[in-house]
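Engineer: Below is one structure. I have some questions about it.
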Amino acid sequence: MCGIFGYIGPKNAPEVILEGLKRLEYRGYDSWGIAVVADQINLNKKVGAIGDLDEVNSLPKSNTGIGHTRWATHGGISELNAHPHFSTDKSFALAQNGIVENYQELKSVLLKKGYKFKTETDTEVIVRLIEDKLKETNNLKEAVRLAFLKLLGRNTVILLTKDGQIMALRNGSPLVVGINNKEIFFSSDTLSFAPHIRDVLVVENGQMVYWNSKLHLIDIKLNKTLPLNSEKINFKTSKVDKEGYDHFMLKEIHESPYIINQVVTRDYAYYESFVDEIKKAKDVYTIGSGTAGIAASQIAFYLRVFGKIRAESVIGADIYEYYELLTKDDLMIAPSQSGETADVLEVLEIARKKGVKIASYVNMPGSTMSRISDFKFLSHAGPEICVMSTKVFTSQIAWGYLLAKQVQGKALEGESNLRELAYTADKYLNTGENHEIVKKLAKLLAKHKDIFLLGKYQNFNIVREGMVKIIEGSYIHAHGIPAGDLKHYAITLMEKGVPVVVAVSEDVAKDDVINAVSQVKARGATVIGISPTALPGFDFHIPVPDTGETSAIMNIIPLQLLAYYMAVELNHNVDKPRNIAKSVTVK
Ligand code: BG6
């Protein structure tokens, strides 16, 4: 949602922080700022995407500083509202990732005390609160600690003092500290300092880490010093460049075959205990938000179909009615790219308190979701930079398929099907004609304001994800409909020229979908069919290989390409679409 970064070391802090913010830009890119210490704190804030080095030339050389990249929640996009925010006397500058849910209440108290505010941000309230506490404590670190305890909501705060100290406090939003023998990095994720670091200090919720010539970790509430325990984080790849593709999105779609093969290189023994847990659980839930929520739904589908497990998927932000039903005999499985999605973390923390076993399948090493899981799995899909998730979604549903096959007792069959799929998908992606077919249809669809997608059985979640991708990339209203539901309401919207995209496999639902196609055709719709063979009623056909049980995973690839080429056709910012962020670490 926002990214925070801090640096102490022999290099020039403005340059190091700028690189770190660029790696965090996927978390929000409305505006950004850098503050460094050189006899005083020097601050540079800008609206828009992170600039390049000349942007920071106005800053003096320094070895200590903090930075922030913003996704606006409270207060519009402006230089004034950008972080870091100065204290009144400029003795410190502060940035936040999160939302202070009680900021109005705190602000009204501070206003009555005579404090002035220049911005509409909740973050400025934290600054004034610290100033207020400082009057009581006359000690900045203690003032910061006491002020942080007053904040409600999920936050991470980082603060730079004019004498070169850095303090960072965490409660809910991510915070990691990278250490090597001469540098210290503070950040929202490990990826941002990946090339420089291998040891990461784990900072838990309710903890404060600070540097004043050495690193300290304390429990914020107890004000008690804690041991610094770092863990090795290794990255399969920390390369973050487009490698010749026009956009990260296209590169990441092309990585799908490699990612699918990653899924099958796993430690089966480690999975045995997890499979046992799935079989013996009273209720099995899968949970995610956004694209990961759809992956969660497909994982539950595979567990029902192949594992014969009554698995149910829930949406990260909305499971209130389930809380009373959760018991210590239940299992909750969370696919997540970042492992930091607040909507899901909040549910997992409540479920955990009820004794529910937690499993997570996460892409970002060292995430909160992994740390709170009883069963921790990593997708090792490498950095996914495009805000629109593609290769990680593919990894999540391939992982779910293989898991279900292992529950079925047919892991080896599942593995060979996925290897076959990886090979087939690679051929599909490297055949120029397949891209030309999709590109032509993307041009046609980009002209429309409403696009409908039809699917059923294994393809329903696939067309839902196609809907999400088209909405994210084209800002066009797309609507993924269960094919069986069409005649009960959506059919009223069918008229001449209305575009309907269908995904079909050689499966039990094929005839039902063909039937739905005939219904929309009868009302003049234009049908684009994704299927192994052209079917009756198709106006346009996107041919895909028939990959049997993994057909739905194959079908998502042309849909991801379709969304990509539509976004390109509309000249949108493909890798950073408007208004969304890669990881939403606030509710
Ligand atoms: C959204 C992203 O903000 O969060 C989606 O735009 C993503 O791509 C969703 O699926 C959940 O994020 P995560 O990190 O839990 O997969």
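In the structure tokens, chains take letters A, B, ... by order of appearance, with residues numbered from 1 within each chain and ligands from 1 in the order shown.
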Quick one: pick out all strand (DSSP E or B) residues within range 70-305 of chain A from a backbone DSSP run and write them as number ranges by chain.
Structural biologist: A: 70, 85-86, 92-98, 155-161, 166-172, 176-179, 184-187, 199-202, 207-211, 215-219, 224-226, 230-232, 284-288
Engineer: Give the residue list for ligand 1 at 6 Å, counting only C-alpha atoms and all ligand atoms, as JSON, numbers by chain, sorted by chain and then by residue number.
Structural biologist: {"A": [289, 290, 291, 292, 336, 337, 338, 339, 341, 387, 388, 389, 580, 581, 582, 583, 584]}
Engineer: Okay, now the selection with all heavy atoms, as a short mmCIF file (atom, residue, chain, number, x, y, z; two decimals), in the first residue's frame?
Structural biologist:
data_model
loop_
_atom_site.label_atom_id
_atom_site.label_comp_id
_atom_site.auth_asym_id
_atom_site.auth_seq_id
_atom_site.Cartn_x
_atom_site.Cartn_y
_atom_site.Cartn_z
N SER A 289 -7.33 -12.35 -1.18
CA SER A 289 -7.96 -11.11 -1.66
C SER A 289 -7.61 -10.91 -3.12
O SER A 289 -6.56 -11.33 -3.57
CB SER A 289 -7.44 -9.91 -0.85
OG SER A 289 -7.87 -10.02 0.49
N GLY A 290 -8.50 -10.24 -3.84
CA GLY A 290 -8.20 -9.91 -5.24
C GLY A 290 -7.91 -11.18 -6.03
O GLY A 290 -8.58 -12.21 -5.88
N THR A 291 -6.88 -11.10 -6.84
CA THR A 291 -6.51 -12.26 -7.67
C THR A 291 -6.20 -13.47 -6.80
O THR A 291 -6.58 -14.60 -7.11
CB THR A 291 -5.30 -11.87 -8.53
OG1 THR A 291 -5.75 -10.93 -9.51
CG2 THR A 291 -4.68 -13.07 -9.22
N ALA A 292 -5.56 -13.25 -5.67
CA ALA A 292 -5.24 -14.38 -4.77
C ALA A 292 -6.53 -14.97 -4.20
O ALA A 292 -6.59 -16.16 -3.86
CB ALA A 292 -4.33 -13.89 -3.65
N SER A 336 -0.92 -16.12 -1.33
CA SER A 336 -0.69 -14.68 -1.31
C SER A 336 0.66 -14.36 -1.94
O SER A 336 1.65 -15.01 -1.62
CB SER A 336 -0.70 -14.16 0.13
OG SER A 336 -0.33 -12.79 0.17
N GLN A 337 0.71 -13.38 -2.82
CA GLN A 337 1.98 -12.97 -3.44
C GLN A 337 2.87 -12.31 -2.40
O GLN A 337 3.98 -12.76 -2.16
CB GLN A 337 1.71 -12.00 -4.59
CG GLN A 337 2.84 -11.77 -5.54
CD GLN A 337 4.00 -10.95 -4.96
OE1 GLN A 337 5.12 -11.39 -4.95
NE2 GLN A 337 3.70 -9.76 -4.42
N SER A 338 2.34 -11.33 -1.69
CA SER A 338 3.16 -10.55 -0.75
C SER A 338 3.26 -11.20 0.63
O SER A 338 4.19 -10.99 1.38
CB SER A 338 2.55 -9.16 -0.59
OG SER A 338 1.26 -9.30 0.03
N GLY A 339 2.19 -11.90 1.01
CA GLY A 339 2.14 -12.42 2.38
C GLY A 339 1.90 -11.32 3.40
O GLY A 339 2.11 -11.50 4.59
N THR A 341 -1.07 -9.01 2.92
CA THR A 341 -2.39 -8.42 2.69
C THR A 341 -3.16 -8.31 4.00
O THR A 341 -3.47 -9.32 4.65
CB THR A 341 -3.17 -9.25 1.66
OG1 THR A 341 -2.44 -9.19 0.43
CG2 THR A 341 -4.57 -8.73 1.45
N VAL A 387 1.89 -4.91 -11.06
CA VAL A 387 0.85 -4.90 -10.01
C VAL A 387 -0.19 -5.97 -10.33
O VAL A 387 -0.73 -6.62 -9.45
CB VAL A 387 0.22 -3.51 -9.91
CG1 VAL A 387 -1.02 -3.53 -9.04
CG2 VAL A 387 1.25 -2.51 -9.36
N MET A 388 -0.44 -6.20 -11.62
CA MET A 388 -1.42 -7.23 -11.98
C MET A 388 -0.73 -8.60 -11.87
O MET A 388 0.23 -8.89 -12.58
CB MET A 388 -1.90 -7.00 -13.42
CG MET A 388 -2.74 -5.75 -13.56
SD MET A 388 -3.55 -5.73 -15.16
CE MET A 388 -2.30 -4.92 -16.15
N SER A 389 -1.23 -9.42 -10.99
CA SER A 389 -0.59 -10.72 -10.75
C SER A 389 -0.91 -11.68 -11.88
O SER A 389 -2.06 -11.85 -12.26
CB SER A 389 -1.11 -11.29 -9.43
OG SER A 389 -0.46 -12.51 -9.14
N ILE A 580 -4.60 1.15 -8.05
CA ILE A 580 -4.38 -0.10 -7.30
C ILE A 580 -2.93 -0.19 -6.88
O ILE A 580 -2.10 0.58 -7.34
CB ILE A 580 -4.77 -1.36 -8.13
CG1 ILE A 580 -4.07 -1.39 -9.48
CG2 ILE A 580 -6.27 -1.46 -8.28
CD1 ILE A 580 -4.38 -2.67 -10.28
N ALA A 581 -2.65 -1.12 -6.00
CA ALA A 581 -1.26 -1.32 -5.54
C ALA A 581 -1.01 -2.82 -5.51
O ALA A 581 -1.94 -3.61 -5.43
CB ALA A 581 -1.07 -0.72 -4.15
N LYS A 582 0.24 -3.19 -5.51
CA LYS A 582 0.59 -4.61 -5.57
C LYS A 582 0.21 -5.32 -4.29
O LYS A 582 -0.21 -6.47 -4.30
CB LYS A 582 2.10 -4.76 -5.80
CG LYS A 582 2.56 -6.19 -5.99
CD LYS A 582 2.07 -6.76 -7.29
CE LYS A 582 2.54 -8.18 -7.49
NZ LYS A 582 1.87 -8.82 -8.62
N SER A 583 0.38 -4.62 -3.20
CA SER A 583 0.11 -5.29 -1.93
C SER A 583 -0.60 -4.28 -1.04
O SER A 583 -0.07 -3.21 -0.75
CB SER A 583 1.43 -5.72 -1.28
OG SER A 583 1.18 -6.10 0.05
N VAL A 584 -1.83 -4.61 -0.63
CA VAL A 584 -2.61 -3.65 0.17
C VAL A 584 -2.49 -4.06 1.63
O VAL A 584 -3.13 -5.00 2.08
CB VAL A 584 -4.08 -3.64 -0.28
CG1 VAL A 584 -4.87 -2.63 0.54
CG2 VAL A 584 -4.17 -3.29 -1.77
#
Engineer: Within 8 Å of Asp189 in chain A, counting only C-alpha atoms, which residues show up once you throw out same-chain ones fewer than 2 positions away? Write them as JSON, numbers by chain, please.
Structural biologist: {"A": [24, 174, 175, 176, 187, 191, 192, 364, 367]}
Engineer: Hey, can you spit out that residue selection with N, CA and C atoms as a PDB file, in the first residue's frame?
Structural biologist:
ATOM      1  N   LEU A  24      10.314  -0.656  -4.382  1.00  0.00           N
ATOM      2  CA  LEU A  24       9.075  -0.678  -3.583  1.00  0.00           C
ATOM      3  C   LEU A  24       7.932   0.017  -4.314  1.00  0.00           C
ATOM      4  N   PRO A 174       4.067  -4.339   7.227  1.00  0.00           N
ATOM      5  CA  PRO A 174       5.363  -5.038   7.245  1.00  0.00           C
ATOM      6  C   PRO A 174       6.546  -4.129   7.576  1.00  0.00           C
ATOM      7  N   LEU A 175       7.572  -4.738   8.203  1.00  0.00           N
ATOM      8  CA  LEU A 175       8.847  -4.057   8.447  1.00  0.00           C
ATOM      9  C   LEU A 175       9.926  -5.128   8.525  1.00  0.00           C
ATOM     10  N   VAL A 176      10.938  -4.987   7.679  1.00  0.00           N
ATOM     11  CA  VAL A 176      12.081  -5.908   7.748  1.00  0.00           C
ATOM     12  C   VAL A 176      13.367  -5.089   7.799  1.00  0.00           C
ATOM     13  N   SER A 187      13.014  -1.676   5.644  1.00  0.00           N
ATOM     14  CA  SER A 187      12.137  -1.637   4.468  1.00  0.00           C
ATOM     15  C   SER A 187      10.803  -2.328   4.734  1.00  0.00           C
ATOM     16  N   LEU A 191      12.589  -7.724  -0.779  1.00  0.00           N
ATOM     17  CA  LEU A 191      12.998  -7.592  -2.182  1.00  0.00           C
ATOM     18  C   LEU A 191      13.766  -6.298  -2.400  1.00  0.00           C
ATOM     19  N   SER A 192      13.390  -5.250  -1.670  1.00  0.00           N
ATOM     20  CA  SER A 192      13.929  -3.900  -1.963  1.00  0.00           C
ATOM     21  C   SER A 192      15.409  -3.810  -1.643  1.00  0.00           C
ATOM     22  N   MET A 364       6.688 -13.792  -1.500  1.00  0.00           N
ATOM     23  CA  MET A 364       7.731 -12.928  -0.944  1.00  0.00           C
ATOM     24  C   MET A 364       8.378 -13.592   0.275  1.00  0.00           C
ATOM     25  N   SER A 367       7.765 -13.104   4.808  1.00  0.00           N
ATOM     26  CA  SER A 367       6.542 -12.313   5.011  1.00  0.00           C
ATOM     27  C   SER A 367       5.867 -12.676   6.332  1.00  0.00           C
TER      28      SER A 367
END
Engineer: Where does range 314-417 of chain A meet range 423-437 of chain A within 12 Å, residue by residue, with the nearest atom pair and distance in Å to one decimal for each, counting only C-alpha atoms, listed by chain and rising number, as JSON lines?
Structural biologist:
{"residue": "A:Thr394", "atom": "CA", "partner": "A:Ala425", "partner_atom": "CA", "distance": 11.2}
{"residue": "A:Ser416", "atom": "CA", "partner": "A:Tyr423", "partner_atom": "CA", "distance": 10.7}
{"residue": "A:Asn417", "atom": "CA", "partner": "A:Tyr423", "partner_atom": "CA", "distance": 10.0}
Engineer: Give me a file of those residues, with N, CA, C and O atoms, as a PDB file, in the first residue's frame.
Structural biologist:
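Final output, saved to result.pdb:
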ATOM      1  N   THR A 394      -0.896 -18.116 -11.578  1.00  0.00           N
ATOM      2  CA  THR A 394      -0.736 -19.413 -12.253  1.00  0.00           C
ATOM      3  C   THR A 394      -0.059 -20.407 -11.313  1.00  0.00           C
ATOM      4  O   THR A 394      -0.465 -21.562 -11.202  1.00  0.00           O
ATOM      5  N   SER A 416       3.224 -35.172 -13.386  1.00  0.00           N
ATOM      6  CA  SER A 416       3.522 -35.332 -14.821  1.00  0.00           C
ATOM      7  C   SER A 416       2.555 -34.488 -15.653  1.00  0.00           C
ATOM      8  O   SER A 416       2.944 -33.893 -16.655  1.00  0.00           O
ATOM      9  N   ASN A 417       1.311 -34.321 -15.189  1.00  0.00           N
ATOM     10  CA  ASN A 417       0.378 -33.439 -15.918  1.00  0.00           C
ATOM     11  C   ASN A 417       0.878 -31.998 -15.914  1.00  0.00           C
ATOM     12  O   ASN A 417       0.776 -31.280 -16.921  1.00  0.00           O
TER      13      ASN A 417
END
Engineer: Report as a PyMOL selection string: the residues of range 76-116 of chain A with a DSSP assignment of helix (DSSP H, G or I), based on the backbone of this structure.
Structural biologist: chain A and resi 103-112
Engineer: Could you check which of A:Met566, A:Ile220, A:Leu250, A:Ser505 is closest to Thr533 in chain A, using only C-alpha atoms?
Structural biologist: A:Ser505
Engineer: Interatomic distance between CA of Val517 in chain A and CA of Gly466 in chain A?
Structural biologist: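 Rounded to one decimal, the two atoms are 17.6 Å apart.
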Engineer: Just the residues within 10 Å of Glu549 in chain A, please, counting only C-alpha atoms, with nothing from its chain fewer than 3 positions along; format it as a count of residues only.
Structural biologist: 15
Engineer: Restricting the calculation to only C-alpha atoms: of A:Ile350, A:Ile315, A:Ile530, A:Ala35, which residue gets closest to Leu441 in chain A?
Structural biologist: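 Comparing A:Ile350, A:Ile315, A:Ile530, A:Ala35 against Leu441 in chain A, the winner is A:Ile530.
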Engineer: Nearest to Pro536 in chain A among A:Val504, A:Leu493, A:Ala563, A:Lys279, with distances taken over only C-alpha atoms: which residue is it?
Structural biologist: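 Smallest separation from Pro536 in chain A among the options: A:Val504.
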Engineer: Within 9 Å of Tyr564 in chain A, counting only C-alpha atoms, which residues show up once you throw out same-chain ones fewer than 3 positions away? Write them as a short mmCIF file (atom, residue, chain, number, x, y, z; two decimals) with all heavy atoms, in the first residue's frame, please.
Structural biologist:
data_model
loop_
_atom_site.label_atom_id
_atom_site.label_comp_id
_atom_site.auth_asym_id
_atom_site.auth_seq_id
_atom_site.Cartn_x
_atom_site.Cartn_y
_atom_site.Cartn_z
N MET A 249 4.70 -7.20 -17.12
CA MET A 249 3.55 -8.12 -17.20
C MET A 249 3.78 -9.20 -18.26
O MET A 249 3.59 -10.39 -18.00
CB MET A 249 2.26 -7.37 -17.50
CG MET A 249 1.03 -8.26 -17.49
SD MET A 249 -0.48 -7.30 -17.65
CE MET A 249 -1.73 -8.59 -17.56
N LEU A 250 4.27 -8.77 -19.44
CA LEU A 250 4.49 -9.75 -20.51
C LEU A 250 5.62 -10.71 -20.12
O LEU A 250 5.52 -11.93 -20.31
CB LEU A 250 4.82 -9.03 -21.81
CG LEU A 250 4.88 -9.92 -23.06
CD1 LEU A 250 3.55 -10.65 -23.28
CD2 LEU A 250 5.24 -9.09 -24.29
N LYS A 439 -3.89 -10.40 -29.90
CA LYS A 439 -3.72 -8.95 -30.10
C LYS A 439 -4.88 -8.37 -30.92
O LYS A 439 -5.45 -7.34 -30.57
CB LYS A 439 -2.42 -8.70 -30.86
CG LYS A 439 -1.30 -8.09 -30.04
CD LYS A 439 -0.11 -7.79 -30.94
CE LYS A 439 1.16 -8.33 -30.33
NZ LYS A 439 2.31 -8.29 -31.25
N ALA A 442 -7.86 -8.14 -28.84
CA ALA A 442 -7.69 -7.10 -27.81
C ALA A 442 -8.06 -5.73 -28.38
O ALA A 442 -8.71 -4.92 -27.72
CB ALA A 442 -6.24 -7.10 -27.33
N LYS A 469 -8.36 -9.15 -14.50
CA LYS A 469 -7.25 -8.65 -15.32
C LYS A 469 -7.71 -7.56 -16.28
O LYS A 469 -7.04 -6.53 -16.44
CB LYS A 469 -6.64 -9.83 -16.11
CG LYS A 469 -5.82 -10.75 -15.23
CD LYS A 469 -4.49 -10.12 -14.91
CE LYS A 469 -3.89 -10.33 -13.55
NZ LYS A 469 -4.64 -10.27 -12.36
N ILE A 470 -8.88 -7.75 -16.91
CA ILE A 470 -9.36 -6.74 -17.87
C ILE A 470 -9.70 -5.45 -17.13
O ILE A 470 -9.34 -4.35 -17.55
CB ILE A 470 -10.58 -7.28 -18.65
CG1 ILE A 470 -10.14 -8.40 -19.61
CG2 ILE A 470 -11.28 -6.15 -19.42
CD1 ILE A 470 -11.30 -9.13 -20.29
N GLY A 473 -6.36 -3.76 -16.00
CA GLY A 473 -5.46 -3.24 -17.03
C GLY A 473 -6.13 -2.24 -17.96
O GLY A 473 -5.48 -1.31 -18.44
N SER A 474 -7.46 -2.39 -18.18
CA SER A 474 -8.14 -1.55 -19.19
C SER A 474 -9.07 -0.53 -18.57
O SER A 474 -9.57 0.34 -19.25
CB SER A 474 -8.97 -2.43 -20.13
OG SER A 474 -8.15 -3.40 -20.70
N LEU A 559 -6.07 -15.50 -21.54
CA LEU A 559 -6.84 -14.42 -20.90
C LEU A 559 -5.90 -13.36 -20.32
O LEU A 559 -6.15 -12.16 -20.43
CB LEU A 559 -7.74 -14.98 -19.80
CG LEU A 559 -9.11 -15.49 -20.26
CD1 LEU A 559 -9.81 -16.26 -19.14
CD2 LEU A 559 -9.98 -14.33 -20.74
N GLN A 560 -4.78 -13.79 -19.74
CA GLN A 560 -3.80 -12.82 -19.24
C GLN A 560 -3.22 -12.02 -20.41
O GLN A 560 -3.08 -10.80 -20.33
CB GLN A 560 -2.68 -13.55 -18.48
CG GLN A 560 -3.13 -14.16 -17.15
CD GLN A 560 -2.10 -15.10 -16.55
OE1 GLN A 560 -1.21 -15.61 -17.25
NE2 GLN A 560 -2.22 -15.37 -15.25
N LEU A 561 -2.95 -12.71 -21.52
CA LEU A 561 -2.42 -12.02 -22.71
C LEU A 561 -3.45 -11.03 -23.25
O LEU A 561 -3.12 -9.91 -23.63
CB LEU A 561 -2.04 -13.03 -23.80
CG LEU A 561 -0.80 -13.89 -23.55
CD1 LEU A 561 -0.63 -14.89 -24.70
CD2 LEU A 561 0.46 -13.03 -23.40
N ALA A 567 -4.56 -3.50 -22.45
CA ALA A 567 -3.95 -2.38 -21.70
C ALA A 567 -2.95 -1.64 -22.58
O ALA A 567 -2.90 -0.40 -22.58
CB ALA A 567 -3.27 -2.91 -20.44
N VAL A 568 -2.20 -2.39 -23.39
CA VAL A 568 -1.23 -1.77 -24.30
C VAL A 568 -1.99 -0.96 -25.37
O VAL A 568 -1.65 0.19 -25.65
CB VAL A 568 -0.34 -2.85 -24.98
CG1 VAL A 568 0.49 -2.25 -26.10
CG2 VAL A 568 0.55 -3.53 -23.93
N GLU A 569 -3.05 -1.56 -25.89
CA GLU A 569 -3.85 -0.88 -26.94
C GLU A 569 -4.41 0.44 -26.43
O GLU A 569 -4.47 1.44 -27.14
CB GLU A 569 -5.01 -1.82 -27.34
CG GLU A 569 -6.03 -1.23 -28.28
CD GLU A 569 -5.46 -0.93 -29.67
OE1 GLU A 569 -4.37 -1.45 -29.98
OE2 GLU A 569 -6.08 -0.14 -30.41
N VAL A 574 0.79 -0.22 -17.98
CA VAL A 574 0.52 -1.66 -17.83
C VAL A 574 1.00 -2.19 -16.48
O VAL A 574 0.28 -2.87 -15.77
CB VAL A 574 1.21 -2.46 -18.97
CG1 VAL A 574 1.01 -3.96 -18.76
CG2 VAL A 574 0.65 -2.03 -20.32
#
Engineer: Using only C-alpha atoms, can you tell me which of A:Lys449, A:Tyr457, A:Phe193, A:Glu79 comes closest to Ile476 in chain A?
Structural biologist: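 Answer, going by the shortest atom-to-atom distance: A:Lys449.
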Engineer: Per residue of range 351-370 of chain A within 12 Å of range 293-300 of chain A, what are the shortest atom pair and its distance in Å to one decimal, counting only C-alpha atoms, with rows by chain and residue number, as JSON lines?
Structural biologist:
{"residue": "A:Ala359", "atom": "CA", "partner": "A:Ala296", "partner_atom": "CA", "distance": 11.9}
{"residue": "A:Ser360", "atom": "CA", "partner": "A:Ala296", "partner_atom": "CA", "distance": 10.7}
{"residue": "A:Tyr361", "atom": "CA", "partner": "A:Ala296", "partner_atom": "CA", "distance": 10.2}
Engineer: Keeping only N, CA, C and O atoms, write the selected residues to a file as a PDB file, in the first residue's frame.
Structural biologist:
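For reference, part-v2.pdb as written:
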ATOM      1  N   ALA A 359      -2.141 -22.485   6.888  1.00  0.00           N
ATOM      2  CA  ALA A 359      -1.155 -22.823   5.854  1.00  0.00           C
ATOM      3  C   ALA A 359      -1.094 -21.643   4.890  1.00  0.00           C
ATOM      4  O   ALA A 359      -2.123 -21.011   4.623  1.00  0.00           O
ATOM      5  N   SER A 360       0.112 -21.327   4.417  1.00  0.00           N
ATOM      6  CA  SER A 360       0.199 -20.210   3.462  1.00  0.00           C
ATOM      7  C   SER A 360       1.106 -20.598   2.301  1.00  0.00           C
ATOM      8  O   SER A 360       2.046 -21.395   2.469  1.00  0.00           O
ATOM      9  N   TYR A 361       0.787 -20.046   1.145  1.00  0.00           N
ATOM     10  CA  TYR A 361       1.587 -20.259  -0.068  1.00  0.00           C
ATOM     11  C   TYR A 361       1.941 -18.880  -0.566  1.00  0.00           C
ATOM     12  O   TYR A 361       1.119 -18.178  -1.139  1.00  0.00           O
TER      13      TYR A 361
END
Engineer: Compare A:Thr390, A:Gln165, A:Asn363, A:Ser173 by their minimum atom-to-atom distance to Pro257 in chain A, counting only C-alpha atoms, and give me the closest one.
Structural biologist: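 Once distances to Pro257 in chain A are computed over only C-alpha atoms, the minimum belongs to A:Thr390.
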